[in-house]
Amino acid sequence: MNGRVVQGSASFVPPKTTHHSKKIARMGKFSRLVDTPELTSAREVWMAVLRPFTPSAPLVGAIRAHVALTWPWRKGDAMRIRKEGPIPCTVKPDCDNAAKTIFDIMALLGFFSNDAQIYSLLVTKWFGDKPGLQFRLEEE
């Protein structure tokens, strides 16, 4: 690690809607993709959660990223499972789609100029007692 680090954590229930939640809208002879109301709402949540962590200047160069998302336990998760701690989340949203939505918002907020700067990415998804987001971005 040679450069700056931006990291943070927030307690909230992360939205499960990702950038794949678009629909096709017809405009006369043409069609285009538009955001669904659910995606618009999810982006507003991500903007509100990530805005306080926005760095004073964008990260430059190659970036290593780690994102951990935790959702609340499902109703069917037995107490014996919950006592063991967080368990992997193997349902939607997919790791890559969740990360893409988060990084799109980070780029809009000025964490970095383009999410193509991210050369290394670790995304984990969990069910657990403490829903929320933890992230770490490291400049190389």
# chains A, B, ... in the order shown; residues from 1 in each chain; ligands from 1

$ closest_atom_pairs --of "region 14-75 of chain A" --to "region 108-126 of chain A" --cutoff "9 Å" --atoms "only C-alpha atoms" --output "tab-separated table"
residue	atom	partner	partner_atom	distance
A:Met47	CA	A:Leu109	CA	7.7
A:Leu50	CA	A:Leu109	CA	8.1
A:Arg51	CA	A:Leu109	CA	6.7
A:Phe53	CA	A:Phe111	CA	8.6
A:Thr54	CA	A:Phe111	CA	5.8
A:Pro55	CA	A:Phe111	CA	6.0
A:Ser56	CA	A:Gly110	CA	8.5
A:Ala57	CA	A:Gly110	CA	7.3
A:Pro58	CA	A:Phe112	CA	4.5
A:Leu59	CA	A:Phe112	CA	4.9
A:Val60	CA	A:Phe112	CA	6.6
A:Gly61	CA	A:Gln117	CA	6.3
A:Ala62	CA	A:Gln117	CA	5.1
A:Ile63	CA	A:Ile118	CA	4.6
A:Arg64	CA	A:Ser120	CA	4.7
A:Ala65	CA	A:Leu121	CA	4.8
A:His66	CA	A:Leu122	CA	4.7
A:Val67	CA	A:Val123	CA	4.8
A:Ala68	CA	A:Thr124	CA	4.7
A:Leu69	CA	A:Lys125	CA	4.9
A:Thr70	CA	A:Trp126	CA	4.5
A:Trp71	CA	A:Trp126	CA	6.2
A:Pro72	CA	A:Trp126	CA	8.5
A:Trp73	CA	A:Trp126	CA	9.0

$ write_last_selection --atoms "N, CA and C atoms" --output "compact mmCIF listing (two decimals), in the first residue's frame"
# COMPACT_ATOMS: atom_id res chain seq x y z
N MET A 47 -26.33 6.81 -2.31
CA MET A 47 -25.79 8.18 -2.29
C MET A 47 -25.74 8.70 -0.85
N LEU A 50 -23.02 6.69 1.23
CA LEU A 50 -21.62 6.87 0.84
C LEU A 50 -21.14 8.31 0.89
N ARG A 51 -22.04 9.28 0.76
CA ARG A 51 -21.64 10.70 0.71
C ARG A 51 -20.73 11.11 1.88
N PHE A 53 -18.43 9.65 3.32
CA PHE A 53 -17.08 9.09 3.20
C PHE A 53 -16.32 9.63 1.99
N THR A 54 -16.92 10.53 1.24
CA THR A 54 -16.31 11.05 0.03
C THR A 54 -14.98 11.73 0.36
N PRO A 55 -13.90 11.33 -0.31
CA PRO A 55 -12.60 11.95 -0.03
C PRO A 55 -12.54 13.38 -0.56
N SER A 56 -11.63 14.16 -0.03
CA SER A 56 -11.48 15.56 -0.47
C SER A 56 -11.00 15.65 -1.91
N ALA A 57 -10.25 14.64 -2.36
CA ALA A 57 -9.80 14.57 -3.75
C ALA A 57 -9.93 13.12 -4.20
N PRO A 58 -10.28 12.91 -5.46
CA PRO A 58 -10.44 11.53 -5.94
C PRO A 58 -9.15 10.72 -5.83
N LEU A 59 -9.30 9.43 -5.60
CA LEU A 59 -8.15 8.53 -5.62
C LEU A 59 -7.65 8.45 -7.05
N VAL A 60 -6.34 8.32 -7.21
CA VAL A 60 -5.75 8.27 -8.55
C VAL A 60 -5.00 6.96 -8.73
N GLY A 61 -4.80 6.58 -9.97
CA GLY A 61 -4.07 5.36 -10.27
C GLY A 61 -4.86 4.12 -9.98
N ALA A 62 -4.14 3.03 -9.81
CA ALA A 62 -4.76 1.73 -9.55
C ALA A 62 -5.32 1.68 -8.14
N ILE A 63 -6.48 1.05 -8.00
CA ILE A 63 -7.16 0.97 -6.71
C ILE A 63 -7.49 -0.48 -6.39
N ARG A 64 -7.19 -0.87 -5.16
CA ARG A 64 -7.59 -2.17 -4.63
C ARG A 64 -8.83 -1.92 -3.77
N ALA A 65 -9.88 -2.72 -3.96
CA ALA A 65 -11.14 -2.49 -3.26
C ALA A 65 -11.62 -3.74 -2.54
N HIS A 66 -12.20 -3.52 -1.37
CA HIS A 66 -12.87 -4.58 -0.62
C HIS A 66 -14.21 -4.04 -0.18
N VAL A 67 -15.26 -4.78 -0.47
CA VAL A 67 -16.62 -4.40 -0.09
C VAL A 67 -17.26 -5.59 0.62
N ALA A 68 -17.82 -5.36 1.79
CA ALA A 68 -18.55 -6.39 2.52
C ALA A 68 -19.96 -5.88 2.79
N LEU A 69 -20.93 -6.65 2.33
CA LEU A 69 -22.34 -6.31 2.51
C LEU A 69 -22.98 -7.33 3.44
N THR A 70 -23.78 -6.86 4.37
CA THR A 70 -24.49 -7.77 5.28
C THR A 70 -25.96 -7.40 5.30
N TRP A 71 -26.80 -8.41 5.09
CA TRP A 71 -28.25 -8.23 5.18
C TRP A 71 -28.75 -8.90 6.45
N PRO A 72 -29.93 -8.48 6.94
CA PRO A 72 -30.46 -9.10 8.16
C PRO A 72 -30.75 -10.58 7.93
N TRP A 73 -30.78 -11.30 9.04
CA TRP A 73 -31.13 -12.71 8.97
C TRP A 73 -32.47 -12.89 8.29

$ select_by_dssp --residues "chain A" --states "alpha helix (DSSP H)" --output "PyMOL selection string"
chain A and resi 37-50+79-83+95-109

$ write_last_selection --atoms "C-alpha atoms" --output "PDB file, in the first residue's frame"
ATOM      1  CA  PRO A  37     -38.394   3.260  -9.457  1.00  0.00           C
ATOM      2  CA  GLU A  38     -36.736   0.575  -7.312  1.00  0.00           C
ATOM      3  CA  LEU A  39     -33.334   1.298  -8.852  1.00  0.00           C
ATOM      4  CA  THR A  40     -33.807   5.054  -8.404  1.00  0.00           C
ATOM      5  CA  SER A  41     -34.652   4.475  -4.744  1.00  0.00           C
ATOM      6  CA  ALA A  42     -31.649   2.152  -4.254  1.00  0.00           C
ATOM      7  CA  ARG A  43     -29.300   4.720  -5.800  1.00  0.00           C
ATOM      8  CA  GLU A  44     -30.645   7.400  -3.450  1.00  0.00           C
ATOM      9  CA  VAL A  45     -29.941   5.118  -0.483  1.00  0.00           C
ATOM     10  CA  TRP A  46     -26.383   4.441  -1.698  1.00  0.00           C
ATOM     11  CA  MET A  47     -25.785   8.179  -2.286  1.00  0.00           C
ATOM     12  CA  ALA A  48     -26.909   9.015   1.252  1.00  0.00           C
ATOM     13  CA  VAL A  49     -24.829   6.231   2.813  1.00  0.00           C
ATOM     14  CA  LEU A  50     -21.625   6.869   0.842  1.00  0.00           C
ATOM     15  CA  MET A  79     -31.341 -19.525  16.230  1.00  0.00           C
ATOM     16  CA  ARG A  80     -28.654 -22.229  16.249  1.00  0.00           C
ATOM     17  CA  ILE A  81     -27.384 -20.886  12.919  1.00  0.00           C
ATOM     18  CA  ARG A  82     -27.565 -17.266  14.080  1.00  0.00           C
ATOM     19  CA  LYS A  83     -25.500 -18.055  17.170  1.00  0.00           C
ATOM     20  CA  CYS A  95     -21.597  -9.906  -5.938  1.00  0.00           C
ATOM     21  CA  ASP A  96     -20.517  -8.297  -9.191  1.00  0.00           C
ATOM     22  CA  ASN A  97     -23.834  -6.512  -9.725  1.00  0.00           C
ATOM     23  CA  ALA A  98     -23.923  -5.185  -6.165  1.00  0.00           C
ATOM     24  CA  ALA A  99     -20.346  -3.929  -6.473  1.00  0.00           C
ATOM     25  CA  LYS A 100     -21.016  -2.279  -9.845  1.00  0.00           C
ATOM     26  CA  THR A 101     -23.922  -0.299  -8.406  1.00  0.00           C
ATOM     27  CA  ILE A 102     -21.839   0.831  -5.415  1.00  0.00           C
ATOM     28  CA  PHE A 103     -18.855   1.810  -7.573  1.00  0.00           C
ATOM     29  CA  ASP A 104     -21.066   3.741 -10.000  1.00  0.00           C
ATOM     30  CA  ILE A 105     -22.289   5.836  -7.058  1.00  0.00           C
ATOM     31  CA  MET A 106     -18.734   6.231  -5.709  1.00  0.00           C
ATOM     32  CA  ALA A 107     -17.610   7.533  -9.108  1.00  0.00           C
ATOM     33  CA  LEU A 108     -20.494  10.026  -9.149  1.00  0.00           C
ATOM     34  CA  LEU A 109     -19.515  11.221  -5.661  1.00  0.00           C
TER      35      LEU A 109
END

$ select_by_dssp --residues "region 3-140 of chain A" --states "strand (DSSP E)" --output "PyMOL selection string"
chain A and resi 5-11+22-27+30-35+63-72+87-88+118-128+132-139

$ atom_distance --atom1 "CA of Gly85 (chain A)" --atom2 "CA of Pro14 (chain A)"
18.6 Å

$ atom_distance --atom1 "CA of Lys75 (chain A)" --atom2 "CA of Ile87 (chain A)"
13.9 Å

$ atom_distance --atom1 "CA of Gln7 (chain A)" --atom2 "CA of Glu140 (chain A)"
14.7 Å

$ decode --residues "region 87-107 of chain A" --atoms "C-alpha atoms" --output "PDB file, in the first residue's frame"
ATOM      1  CA  ILE A  87     -23.278 -16.850   7.158  1.00  0.00           C
ATOM      2  CA  PRO A  88     -22.566 -16.382   3.435  1.00  0.00           C
ATOM      3  CA  CYS A  89     -25.393 -14.864   1.410  1.00  0.00           C
ATOM      4  CA  THR A  90     -25.869 -17.052  -1.656  1.00  0.00           C
ATOM      5  CA  VAL A  91     -28.953 -15.324  -3.079  1.00  0.00           C
ATOM      6  CA  LYS A  92     -29.370 -12.213  -5.222  1.00  0.00           C
ATOM      7  CA  PRO A  93     -27.984  -9.707  -5.704  1.00  0.00           C
ATOM      8  CA  ASP A  94     -24.903 -11.183  -7.349  1.00  0.00           C
ATOM      9  CA  CYS A  95     -21.597  -9.906  -5.938  1.00  0.00           C
ATOM     10  CA  ASP A  96     -20.517  -8.297  -9.191  1.00  0.00           C
ATOM     11  CA  ASN A  97     -23.834  -6.512  -9.725  1.00  0.00           C
ATOM     12  CA  ALA A  98     -23.923  -5.185  -6.165  1.00  0.00           C
ATOM     13  CA  ALA A  99     -20.346  -3.929  -6.473  1.00  0.00           C
ATOM     14  CA  LYS A 100     -21.016  -2.279  -9.845  1.00  0.00           C
ATOM     15  CA  THR A 101     -23.922  -0.299  -8.406  1.00  0.00           C
ATOM     16  CA  ILE A 102     -21.839   0.831  -5.415  1.00  0.00           C
ATOM     17  CA  PHE A 103     -18.855   1.810  -7.573  1.00  0.00           C
ATOM     18  CA  ASP A 104     -21.066   3.741 -10.000  1.00  0.00           C
ATOM     19  CA  ILE A 105     -22.289   5.836  -7.058  1.00  0.00           C
ATOM     20  CA  MET A 106     -18.734   6.231  -5.709  1.00  0.00           C
ATOM     21  CA  ALA A 107     -17.610   7.533  -9.108  1.00  0.00           C
TER      22      ALA A 107
END
